[in-house]
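Quick notes on the structure that follows.
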Amino acid sequence: MFKNLFRKKTDRGYDPLHIKVTDLAEGYIFEYDLKQWEVVGEATYDWGDNYFSKELKITDGTDTFFLSVEEDDELEIVLYKKIRIGQIDGDIEQQIKLTQKPPSTIHFQSIAYIRENESPGYYNPSKNSSEWIEFINWQYYDDSGEKAISIEQWGENEFEASEGKIVKPFEISNILPRE
């Protein structure tokens with residue numbers, strides 16, 4: 001009779017006593033790297049075959065980053081910040097336009113990154129939007145597997161890049177929903 005008294009799930013689908021990184025949503029607050037962060041935006045990626053991931057726009061009041069949360073065979077969390085694609089060595093945009101792919105190895109701030117995958121997909125900018133935008137993503141990792149670069153192509157001539165750091169789930173703590 002009492003076994004579920006303290007383990008009741010809310011209407012939001014999470015156990016309020018055991019909120020996980022995968023439960024993060026707009027309005028939530030959490031701690032990471034000795035700072036308190038708030039989720040101020042939430043976007044969804046559709047990779048096909050009923051496989052989705054989410055991107056959370058987060059701020060500590062000074063800096064803004066994007067937290068990518070993807071659960072496939074295992075949970076992968078990457079903290080990204082936008083960079084100019086021109087900061088990556090070489091003319092990435094031109095190569096993509098000519099060959100339909102970026103190089104297999106890129107260099108950013110003297111670090112080599114190896115392309116691990118190419119993923120076409122659809123992007124929904126917010127949970128209140130029904131708009132899905134087609135794009136393609138190329139994911140790169142450094143030799144340590146601790147840093148990542150994401151290159152995205154939107155249409156024929158629009159490119160974006162982000163530099164990221166792999167985050168372990170235990171590094172994100174004290175997750176609280178804002179009700």
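FYI, nothing fancy with the structure tokens labels: chains A, B, ... in order, residues from 1 per chain, ligands from 1 as they appear.
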
Secondary structure check, strand (DSSP E or B) residues of region 48-179 of chain A, as a PDB file with N, CA and C atoms, in the first residue's frame:
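In the end it all went to result-v4.pdb:
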ATOM      1  N   PHE A  52      14.370  10.193 -32.250  1.00  0.00           N
ATOM      2  CA  PHE A  52      14.353  11.622 -31.977  1.00  0.00           C
ATOM      3  C   PHE A  52      15.423  11.969 -30.942  1.00  0.00           C
ATOM      4  N   SER A  53      15.894  13.201 -30.994  1.00  0.00           N
ATOM      5  CA  SER A  53      16.760  13.729 -29.943  1.00  0.00           C
ATOM      6  C   SER A  53      16.301  15.150 -29.650  1.00  0.00           C
ATOM      7  N   LYS A  54      16.800  15.718 -28.551  1.00  0.00           N
ATOM      8  CA  LYS A  54      16.380  17.082 -28.243  1.00  0.00           C
ATOM      9  C   LYS A  54      17.590  17.963 -27.986  1.00  0.00           C
ATOM     10  N   GLU A  55      17.359  19.243 -28.216  1.00  0.00           N
ATOM     11  CA  GLU A  55      18.376  20.259 -27.986  1.00  0.00           C
ATOM     12  C   GLU A  55      17.761  21.293 -27.056  1.00  0.00           C
ATOM     13  N   LEU A  56      18.437  21.550 -25.967  1.00  0.00           N
ATOM     14  CA  LEU A  56      17.945  22.488 -24.971  1.00  0.00           C
ATOM     15  C   LEU A  56      18.813  23.738 -24.984  1.00  0.00           C
ATOM     16  N   LYS A  57      18.191  24.876 -25.151  1.00  0.00           N
ATOM     17  CA  LYS A  57      18.904  26.148 -25.059  1.00  0.00           C
ATOM     18  C   LYS A  57      18.967  26.494 -23.584  1.00  0.00           C
ATOM     19  N   ILE A  58      20.204  26.687 -23.081  1.00  0.00           N
ATOM     20  CA  ILE A  58      20.375  26.925 -21.648  1.00  0.00           C
ATOM     21  C   ILE A  58      21.162  28.209 -21.418  1.00  0.00           C
ATOM     22  N   THR A  59      20.904  28.836 -20.277  1.00  0.00           N
ATOM     23  CA  THR A  59      21.629  30.052 -19.912  1.00  0.00           C
ATOM     24  C   THR A  59      21.887  30.067 -18.410  1.00  0.00           C
ATOM     25  N   THR A  64      25.083  31.618 -22.997  1.00  0.00           N
ATOM     26  CA  THR A  64      24.051  30.765 -23.567  1.00  0.00           C
ATOM     27  C   THR A  64      24.720  29.638 -24.334  1.00  0.00           C
ATOM     28  N   PHE A  65      24.266  28.412 -24.068  1.00  0.00           N
ATOM     29  CA  PHE A  65      24.778  27.219 -24.725  1.00  0.00           C
ATOM     30  C   PHE A  65      23.600  26.368 -25.177  1.00  0.00           C
ATOM     31  N   PHE A  66      23.922  25.282 -25.856  1.00  0.00           N
ATOM     32  CA  PHE A  66      22.916  24.322 -26.301  1.00  0.00           C
ATOM     33  C   PHE A  66      23.326  22.961 -25.767  1.00  0.00           C
ATOM     34  N   LEU A  67      22.404  22.295 -25.097  1.00  0.00           N
ATOM     35  CA  LEU A  67      22.651  20.980 -24.531  1.00  0.00           C
ATOM     36  C   LEU A  67      21.929  19.958 -25.398  1.00  0.00           C
ATOM     37  N   SER A  68      22.707  19.134 -26.089  1.00  0.00           N
ATOM     38  CA  SER A  68      22.147  18.085 -26.937  1.00  0.00           C
ATOM     39  C   SER A  68      22.002  16.821 -26.103  1.00  0.00           C
ATOM     40  N   VAL A  69      20.788  16.268 -26.068  1.00  0.00           N
ATOM     41  CA  VAL A  69      20.514  15.058 -25.296  1.00  0.00           C
ATOM     42  C   VAL A  69      19.991  14.011 -26.271  1.00  0.00           C
ATOM     43  N   GLU A  70      20.770  12.947 -26.424  1.00  0.00           N
ATOM     44  CA  GLU A  70      20.455  11.921 -27.409  1.00  0.00           C
ATOM     45  C   GLU A  70      20.602  10.558 -26.749  1.00  0.00           C
ATOM     46  N   GLU A  71      19.554   9.760 -26.847  1.00  0.00           N
ATOM     47  CA  GLU A  71      19.597   8.430 -26.244  1.00  0.00           C
ATOM     48  C   GLU A  71      19.365   7.399 -27.332  1.00  0.00           C
ATOM     49  N   LEU A  75      23.257   6.987 -23.538  1.00  0.00           N
ATOM     50  CA  LEU A  75      22.950   8.404 -23.423  1.00  0.00           C
ATOM     51  C   LEU A  75      24.169   9.234 -23.811  1.00  0.00           C
ATOM     52  N   GLU A  76      23.997  10.158 -24.764  1.00  0.00           N
ATOM     53  CA  GLU A  76      25.076  11.069 -25.128  1.00  0.00           C
ATOM     54  C   GLU A  76      24.584  12.493 -24.900  1.00  0.00           C
ATOM     55  N   ILE A  77      25.354  13.230 -24.100  1.00  0.00           N
ATOM     56  CA  ILE A  77      25.041  14.618 -23.779  1.00  0.00           C
ATOM     57  C   ILE A  77      26.228  15.456 -24.232  1.00  0.00           C
ATOM     58  N   VAL A  78      25.947  16.468 -25.046  1.00  0.00           N
ATOM     59  CA  VAL A  78      27.008  17.349 -25.521  1.00  0.00           C
ATOM     60  C   VAL A  78      26.585  18.789 -25.259  1.00  0.00           C
ATOM     61  N   LEU A  79      27.474  19.552 -24.649  1.00  0.00           N
ATOM     62  CA  LEU A  79      27.251  20.970 -24.399  1.00  0.00           C
ATOM     63  C   LEU A  79      27.910  21.739 -25.538  1.00  0.00           C
ATOM     64  N   TYR A  80      27.099  22.398 -26.371  1.00  0.00           N
ATOM     65  CA  TYR A  80      27.593  23.092 -27.559  1.00  0.00           C
ATOM     66  C   TYR A  80      27.501  24.601 -27.406  1.00  0.00           C
ATOM     67  N   LYS A  81      28.424  25.266 -28.074  1.00  0.00           N
ATOM     68  CA  LYS A  81      28.280  26.707 -28.281  1.00  0.00           C
ATOM     69  C   LYS A  81      28.516  26.947 -29.769  1.00  0.00           C
ATOM     70  N   LYS A  82      27.765  27.884 -30.301  1.00  0.00           N
ATOM     71  CA  LYS A  82      27.868  28.206 -31.720  1.00  0.00           C
ATOM     72  C   LYS A  82      29.221  28.843 -32.013  1.00  0.00           C
ATOM     73  N   ILE A  83      29.776  28.474 -33.160  1.00  0.00           N
ATOM     74  CA  ILE A  83      31.000  29.097 -33.662  1.00  0.00           C
ATOM     75  C   ILE A  83      30.760  29.468 -35.120  1.00  0.00           C
ATOM     76  N   THR A 105      38.399  14.829 -42.079  1.00  0.00           N
ATOM     77  CA  THR A 105      39.110  15.375 -40.920  1.00  0.00           C
ATOM     78  C   THR A 105      39.100  16.893 -41.018  1.00  0.00           C
ATOM     79  N   ILE A 106      38.777  17.549 -39.902  1.00  0.00           N
ATOM     80  CA  ILE A 106      38.826  19.008 -39.849  1.00  0.00           C
ATOM     81  C   ILE A 106      39.704  19.416 -38.676  1.00  0.00           C
ATOM     82  N   HIS A 107      40.132  20.671 -38.689  1.00  0.00           N
ATOM     83  CA  HIS A 107      40.953  21.204 -37.598  1.00  0.00           C
ATOM     84  C   HIS A 107      40.310  22.485 -37.069  1.00  0.00           C
ATOM     85  N   PHE A 108      40.193  22.542 -35.751  1.00  0.00           N
ATOM     86  CA  PHE A 108      39.655  23.718 -35.083  1.00  0.00           C
ATOM     87  C   PHE A 108      40.512  23.979 -33.865  1.00  0.00           C
ATOM     88  N   ILE A 111      43.205  21.435 -33.044  1.00  0.00           N
ATOM     89  CA  ILE A 111      42.785  20.080 -32.677  1.00  0.00           C
ATOM     90  C   ILE A 111      42.161  19.430 -33.909  1.00  0.00           C
ATOM     91  N   ALA A 112      42.548  18.191 -34.183  1.00  0.00           N
ATOM     92  CA  ALA A 112      41.983  17.429 -35.299  1.00  0.00           C
ATOM     93  C   ALA A 112      40.702  16.741 -34.843  1.00  0.00           C
ATOM     94  N   TYR A 113      39.686  16.807 -35.684  1.00  0.00           N
ATOM     95  CA  TYR A 113      38.405  16.151 -35.438  1.00  0.00           C
ATOM     96  C   TYR A 113      38.111  15.238 -36.623  1.00  0.00           C
ATOM     97  N   ILE A 114      37.669  14.017 -36.338  1.00  0.00           N
ATOM     98  CA  ILE A 114      37.370  13.023 -37.357  1.00  0.00           C
ATOM     99  C   ILE A 114      35.852  12.912 -37.502  1.00  0.00           C
ATOM    100  N   ARG A 115      35.377  12.928 -38.766  1.00  0.00           N
ATOM    101  CA  ARG A 115      33.930  12.802 -39.008  1.00  0.00           C
ATOM    102  C   ARG A 115      33.492  11.392 -38.647  1.00  0.00           C
ATOM    103  N   GLU A 116      32.493  11.311 -37.764  1.00  0.00           N
ATOM    104  CA  GLU A 116      31.979  10.016 -37.345  1.00  0.00           C
ATOM    105  C   GLU A 116      30.696   9.647 -38.072  1.00  0.00           C
ATOM    106  N   ASN A 117      29.860  10.637 -38.364  1.00  0.00           N
ATOM    107  CA  ASN A 117      28.620  10.299 -39.051  1.00  0.00           C
ATOM    108  C   ASN A 117      28.050  11.473 -39.832  1.00  0.00           C
ATOM    109  N   GLU A 118      27.158  11.118 -40.701  1.00  0.00           N
ATOM    110  CA  GLU A 118      26.387  12.069 -41.505  1.00  0.00           C
ATOM    111  C   GLU A 118      24.938  11.710 -41.269  1.00  0.00           C
ATOM    112  N   SER A 119      24.127  12.693 -40.878  1.00  0.00           N
ATOM    113  CA  SER A 119      22.744  12.407 -40.513  1.00  0.00           C
ATOM    114  C   SER A 119      21.787  13.427 -41.116  1.00  0.00           C
ATOM    115  N   PRO A 120      21.053  13.043 -42.144  1.00  0.00           N
ATOM    116  CA  PRO A 120      19.986  13.923 -42.608  1.00  0.00           C
ATOM    117  C   PRO A 120      18.818  13.845 -41.621  1.00  0.00           C
ATOM    118  N   GLY A 121      18.112  14.928 -41.464  1.00  0.00           N
ATOM    119  CA  GLY A 121      16.999  14.908 -40.527  1.00  0.00           C
ATOM    120  C   GLY A 121      16.101  16.114 -40.678  1.00  0.00           C
ATOM    121  N   TYR A 122      15.211  16.265 -39.712  1.00  0.00           N
ATOM    122  CA  TYR A 122      14.280  17.384 -39.658  1.00  0.00           C
ATOM    123  C   TYR A 122      14.376  18.013 -38.278  1.00  0.00           C
ATOM    124  N   TYR A 123      14.229  19.326 -38.246  1.00  0.00           N
ATOM    125  CA  TYR A 123      14.382  20.109 -37.027  1.00  0.00           C
ATOM    126  C   TYR A 123      13.092  20.853 -36.739  1.00  0.00           C
ATOM    127  N   ASN A 124      12.612  20.735 -35.492  1.00  0.00           N
ATOM    128  CA  ASN A 124      11.441  21.481 -35.040  1.00  0.00           C
ATOM    129  C   ASN A 124      11.932  22.446 -33.970  1.00  0.00           C
ATOM    130  N   ILE A 133      11.964  21.574 -40.348  1.00  0.00           N
ATOM    131  CA  ILE A 133      12.892  22.088 -41.347  1.00  0.00           C
ATOM    132  C   ILE A 133      13.906  20.992 -41.673  1.00  0.00           C
ATOM    133  N   GLU A 134      14.077  20.710 -42.964  1.00  0.00           N
ATOM    134  CA  GLU A 134      15.018  19.678 -43.385  1.00  0.00           C
ATOM    135  C   GLU A 134      16.452  20.213 -43.338  1.00  0.00           C
ATOM    136  N   PHE A 135      17.376  19.371 -42.919  1.00  0.00           N
ATOM    137  CA  PHE A 135      18.788  19.764 -42.834  1.00  0.00           C
ATOM    138  C   PHE A 135      19.636  18.497 -42.858  1.00  0.00           C
ATOM    139  N   ILE A 136      20.951  18.699 -42.892  1.00  0.00           N
ATOM    140  CA  ILE A 136      21.884  17.575 -42.779  1.00  0.00           C
ATOM    141  C   ILE A 136      22.956  17.951 -41.763  1.00  0.00           C
ATOM    142  N   ASN A 137      23.368  16.976 -40.964  1.00  0.00           N
ATOM    143  CA  ASN A 137      24.330  17.198 -39.895  1.00  0.00           C
ATOM    144  C   ASN A 137      25.522  16.261 -40.066  1.00  0.00           C
ATOM    145  N   TRP A 138      26.715  16.812 -39.866  1.00  0.00           N
ATOM    146  CA  TRP A 138      27.932  16.006 -39.832  1.00  0.00           C
ATOM    147  C   TRP A 138      28.525  16.161 -38.449  1.00  0.00           C
ATOM    148  N   GLN A 139      28.816  15.033 -37.798  1.00  0.00           N
ATOM    149  CA  GLN A 139      29.311  15.027 -36.433  1.00  0.00           C
ATOM    150  C   GLN A 139      30.774  14.581 -36.416  1.00  0.00           C
ATOM    151  N   TYR A 140      31.616  15.356 -35.735  1.00  0.00           N
ATOM    152  CA  TYR A 140      33.047  15.098 -35.623  1.00  0.00           C
ATOM    153  C   TYR A 140      33.427  14.970 -34.146  1.00  0.00           C
ATOM    154  N   TYR A 141      34.443  14.123 -33.873  1.00  0.00           N
ATOM    155  CA  TYR A 141      34.971  13.982 -32.512  1.00  0.00           C
ATOM    156  C   TYR A 141      36.490  14.036 -32.552  1.00  0.00           C
ATOM    157  N   LYS A 147      35.621  15.983 -27.045  1.00  0.00           N
ATOM    158  CA  LYS A 147      35.217  17.203 -27.742  1.00  0.00           C
ATOM    159  C   LYS A 147      34.531  16.828 -29.048  1.00  0.00           C
ATOM    160  N   ALA A 148      33.621  17.692 -29.470  1.00  0.00           N
ATOM    161  CA  ALA A 148      32.865  17.430 -30.691  1.00  0.00           C
ATOM    162  C   ALA A 148      32.704  18.717 -31.494  1.00  0.00           C
ATOM    163  N   ILE A 149      32.541  18.548 -32.787  1.00  0.00           N
ATOM    164  CA  ILE A 149      32.173  19.641 -33.690  1.00  0.00           C
ATOM    165  C   ILE A 149      30.964  19.161 -34.477  1.00  0.00           C
ATOM    166  N   SER A 150      29.979  20.005 -34.580  1.00  0.00           N
ATOM    167  CA  SER A 150      28.789  19.708 -35.375  1.00  0.00           C
ATOM    168  C   SER A 150      28.717  20.730 -36.504  1.00  0.00           C
ATOM    169  N   ILE A 151      28.564  20.236 -37.729  1.00  0.00           N
ATOM    170  CA  ILE A 151      28.364  21.106 -38.894  1.00  0.00           C
ATOM    171  C   ILE A 151      27.002  20.782 -39.469  1.00  0.00           C
ATOM    172  N   GLU A 152      26.203  21.816 -39.692  1.00  0.00           N
ATOM    173  CA  GLU A 152      24.853  21.627 -40.240  1.00  0.00           C
ATOM    174  C   GLU A 152      24.693  22.434 -41.512  1.00  0.00           C
ATOM    175  N   GLN A 153      23.985  21.831 -42.463  1.00  0.00           N
ATOM    176  CA  GLN A 153      23.644  22.522 -43.703  1.00  0.00           C
ATOM    177  C   GLN A 153      22.136  22.634 -43.788  1.00  0.00           C
ATOM    178  N   TRP A 154      21.667  23.867 -43.976  1.00  0.00           N
ATOM    179  CA  TRP A 154      20.249  24.185 -44.083  1.00  0.00           C
ATOM    180  C   TRP A 154      20.034  24.730 -45.493  1.00  0.00           C
ATOM    181  N   GLU A 158      23.179  27.727 -46.544  1.00  0.00           N
ATOM    182  CA  GLU A 158      23.241  28.151 -45.149  1.00  0.00           C
ATOM    183  C   GLU A 158      23.917  27.060 -44.314  1.00  0.00           C
ATOM    184  N   PHE A 159      24.983  27.458 -43.612  1.00  0.00           N
ATOM    185  CA  PHE A 159      25.763  26.515 -42.816  1.00  0.00           C
ATOM    186  C   PHE A 159      25.923  27.047 -41.402  1.00  0.00           C
ATOM    187  N   GLU A 160      25.950  26.132 -40.444  1.00  0.00           N
ATOM    188  CA  GLU A 160      26.194  26.475 -39.053  1.00  0.00           C
ATOM    189  C   GLU A 160      27.186  25.485 -38.474  1.00  0.00           C
ATOM    190  N   ALA A 161      27.932  25.930 -37.483  1.00  0.00           N
ATOM    191  CA  ALA A 161      28.874  25.049 -36.796  1.00  0.00           C
ATOM    192  C   ALA A 161      28.792  25.304 -35.297  1.00  0.00           C
ATOM    193  N   SER A 162      29.064  24.256 -34.538  1.00  0.00           N
ATOM    194  CA  SER A 162      29.077  24.340 -33.082  1.00  0.00           C
ATOM    195  C   SER A 162      30.231  23.517 -32.543  1.00  0.00           C
ATOM    196  N   GLU A 163      30.833  24.038 -31.505  1.00  0.00           N
ATOM    197  CA  GLU A 163      31.904  23.330 -30.797  1.00  0.00           C
ATOM    198  C   GLU A 163      31.294  22.768 -29.519  1.00  0.00           C
ATOM    199  N   GLY A 164      31.619  21.511 -29.209  1.00  0.00           N
ATOM    200  CA  GLY A 164      30.997  20.906 -28.045  1.00  0.00           C
ATOM    201  C   GLY A 164      31.940  20.143 -27.148  1.00  0.00           C
ATOM    202  N   LYS A 165      31.441  19.901 -25.952  1.00  0.00           N
ATOM    203  CA  LYS A 165      32.155  19.124 -24.944  1.00  0.00           C
ATOM    204  C   LYS A 165      31.210  18.021 -24.480  1.00  0.00           C
ATOM    205  N   ILE A 166      31.704  16.785 -24.460  1.00  0.00           N
ATOM    206  CA  ILE A 166      30.898  15.662 -23.986  1.00  0.00           C
ATOM    207  C   ILE A 166      30.713  15.810 -22.476  1.00  0.00           C
ATOM    208  N   VAL A 167      29.479  15.658 -22.026  1.00  0.00           N
ATOM    209  CA  VAL A 167      29.136  15.796 -20.616  1.00  0.00           C
ATOM    210  C   VAL A 167      28.622  14.452 -20.113  1.00  0.00           C
ATOM    211  N   SER A 173      23.390  18.067 -12.148  1.00  0.00           N
ATOM    212  CA  SER A 173      22.776  17.686 -10.881  1.00  0.00           C
ATOM    213  C   SER A 173      21.722  18.698 -10.441  1.00  0.00           C
ATOM    214  N   ASN A 174      21.062  18.352  -9.346  1.00  0.00           N
ATOM    215  CA  ASN A 174      20.050  19.222  -8.728  1.00  0.00           C
ATOM    216  C   ASN A 174      19.043  19.743  -9.752  1.00  0.00           C
ATOM    217  N   ILE A 175      18.501  18.843 -10.532  1.00  0.00           N
ATOM    218  CA  ILE A 175      17.523  19.204 -11.568  1.00  0.00           C
ATOM    219  C   ILE A 175      16.173  19.478 -10.903  1.00  0.00           C
ATOM    220  N   LEU A 176      15.643  20.657 -11.186  1.00  0.00           N
ATOM    221  CA  LEU A 176      14.356  21.056 -10.622  1.00  0.00           C
ATOM    222  C   LEU A 176      13.451  21.595 -11.717  1.00  0.00           C
TER     223      LEU A 176
END

Legend entry - Neighbour list for Gln95 (chain A) as an MDAnalysis selection string, cut-off 12 Å, only C-alpha atoms, skip fewer than 4 positions in-chain: chainID A and resid 89:91 99:104 106 157 159

Prev. selection, N, CA and C atoms, output as an mmCIF file, in the first residue's frame:
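Listing of out_38.cif after writing:
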data_model
loop_
_atom_site.group_PDB
_atom_site.id
_atom_site.type_symbol
_atom_site.label_atom_id
_atom_site.label_comp_id
_atom_site.auth_asym_id
_atom_site.auth_seq_id
_atom_site.Cartn_x
_atom_site.Cartn_y
_atom_site.Cartn_z
ATOM 1 N N ASP A 89 39.458 25.376 -39.852
ATOM 2 C CA ASP A 89 40.471 25.478 -40.910
ATOM 3 C C ASP A 89 39.918 24.936 -42.232
ATOM 4 N N GLY A 90 40.278 25.607 -43.321
ATOM 5 C CA GLY A 90 39.834 25.190 -44.649
ATOM 6 C C GLY A 90 38.509 25.835 -45.002
ATOM 7 N N ASP A 91 38.146 25.746 -46.244
ATOM 8 C CA ASP A 91 36.881 26.315 -46.713
ATOM 9 C C ASP A 91 35.823 25.216 -46.742
ATOM 10 N N THR A 99 31.346 18.908 -53.258
ATOM 11 C CA THR A 99 31.364 17.448 -53.131
ATOM 12 C C THR A 99 30.178 16.865 -52.376
ATOM 13 N N GLN A 100 29.312 17.708 -51.835
ATOM 14 C CA GLN A 100 28.157 17.301 -51.029
ATOM 15 C C GLN A 100 28.547 16.752 -49.650
ATOM 16 N N LYS A 101 29.841 16.858 -49.285
ATOM 17 C CA LYS A 101 30.307 16.422 -47.963
ATOM 18 C C LYS A 101 31.464 17.294 -47.516
ATOM 19 N N PRO A 102 31.586 17.484 -46.210
ATOM 20 C CA PRO A 102 32.777 18.160 -45.689
ATOM 21 C C PRO A 102 33.931 17.150 -45.648
ATOM 22 N N PRO A 103 35.132 17.607 -45.376
ATOM 23 C CA PRO A 103 36.257 16.668 -45.304
ATOM 24 C C PRO A 103 36.077 15.665 -44.165
ATOM 25 N N SER A 104 36.781 14.547 -44.261
ATOM 26 C CA SER A 104 36.680 13.525 -43.209
ATOM 27 C C SER A 104 37.413 13.948 -41.942
ATOM 28 N N ILE A 106 38.777 17.549 -39.902
ATOM 29 C CA ILE A 106 38.826 19.008 -39.849
ATOM 30 C C ILE A 106 39.704 19.416 -38.676
ATOM 31 N N ASN A 157 22.756 26.927 -49.200
ATOM 32 C CA ASN A 157 23.813 27.889 -48.895
ATOM 33 C C ASN A 157 23.925 28.331 -47.448
ATOM 34 N N PHE A 159 24.983 27.458 -43.612
ATOM 35 C CA PHE A 159 25.763 26.515 -42.816
ATOM 36 C C PHE A 159 25.923 27.047 -41.402
#

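Excluding Lys127 (chain A) and any residue on its chain fewer than 5 positions from it, the residues at most 12 Å away by only C-alpha atoms are Ala25, Glu26, Gly41, Glu42, Ala43, Thr44, Tyr45, Lys54, Glu55, Leu56 and Trp132 of chain A.
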
Legend entry - Atomic distance CA of Gly155 (chain A) - CA of Asp46 (chain A), expressed in Å with one decimal: 16.7 Å

Legend entry - All residues 12 Å or closer to Ser110 (chain A), only C-alpha atoms, same chain fewer than 6 positions away omitted, as a ChimeraX atom specification: /A:87-89,142

Could you save those same residues with N, CA, C and O atoms as a short mmCIF file (atom, residue, chain, number, x, y, z; two decimals), in the first residue's frame?
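This is the output file part_38.cif:
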data_model
loop_
_atom_site.label_atom_id
_atom_site.label_comp_id
_atom_site.auth_asym_id
_atom_site.auth_seq_id
_atom_site.Cartn_x
_atom_site.Cartn_y
_atom_site.Cartn_z
N GLN A 87 35.77 29.68 -38.69
CA GLN A 87 36.80 29.44 -37.68
C GLN A 87 37.44 28.06 -37.83
O GLN A 87 38.51 27.82 -37.31
N ILE A 88 36.77 27.17 -38.53
CA ILE A 88 37.31 25.84 -38.80
C ILE A 88 38.27 25.98 -39.97
O ILE A 88 37.95 26.62 -40.97
N ASP A 89 39.46 25.38 -39.85
CA ASP A 89 40.47 25.48 -40.91
C ASP A 89 39.92 24.94 -42.23
O ASP A 89 39.20 23.93 -42.25
N ASP A 142 37.08 14.55 -31.48
CA ASP A 142 38.54 14.53 -31.38
C ASP A 142 38.99 13.14 -30.93
O ASP A 142 38.16 12.27 -30.62
#

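Note that CA of Asp73 (chain A) and CA of Trp37 (chain A) are 27.0 Å apart.
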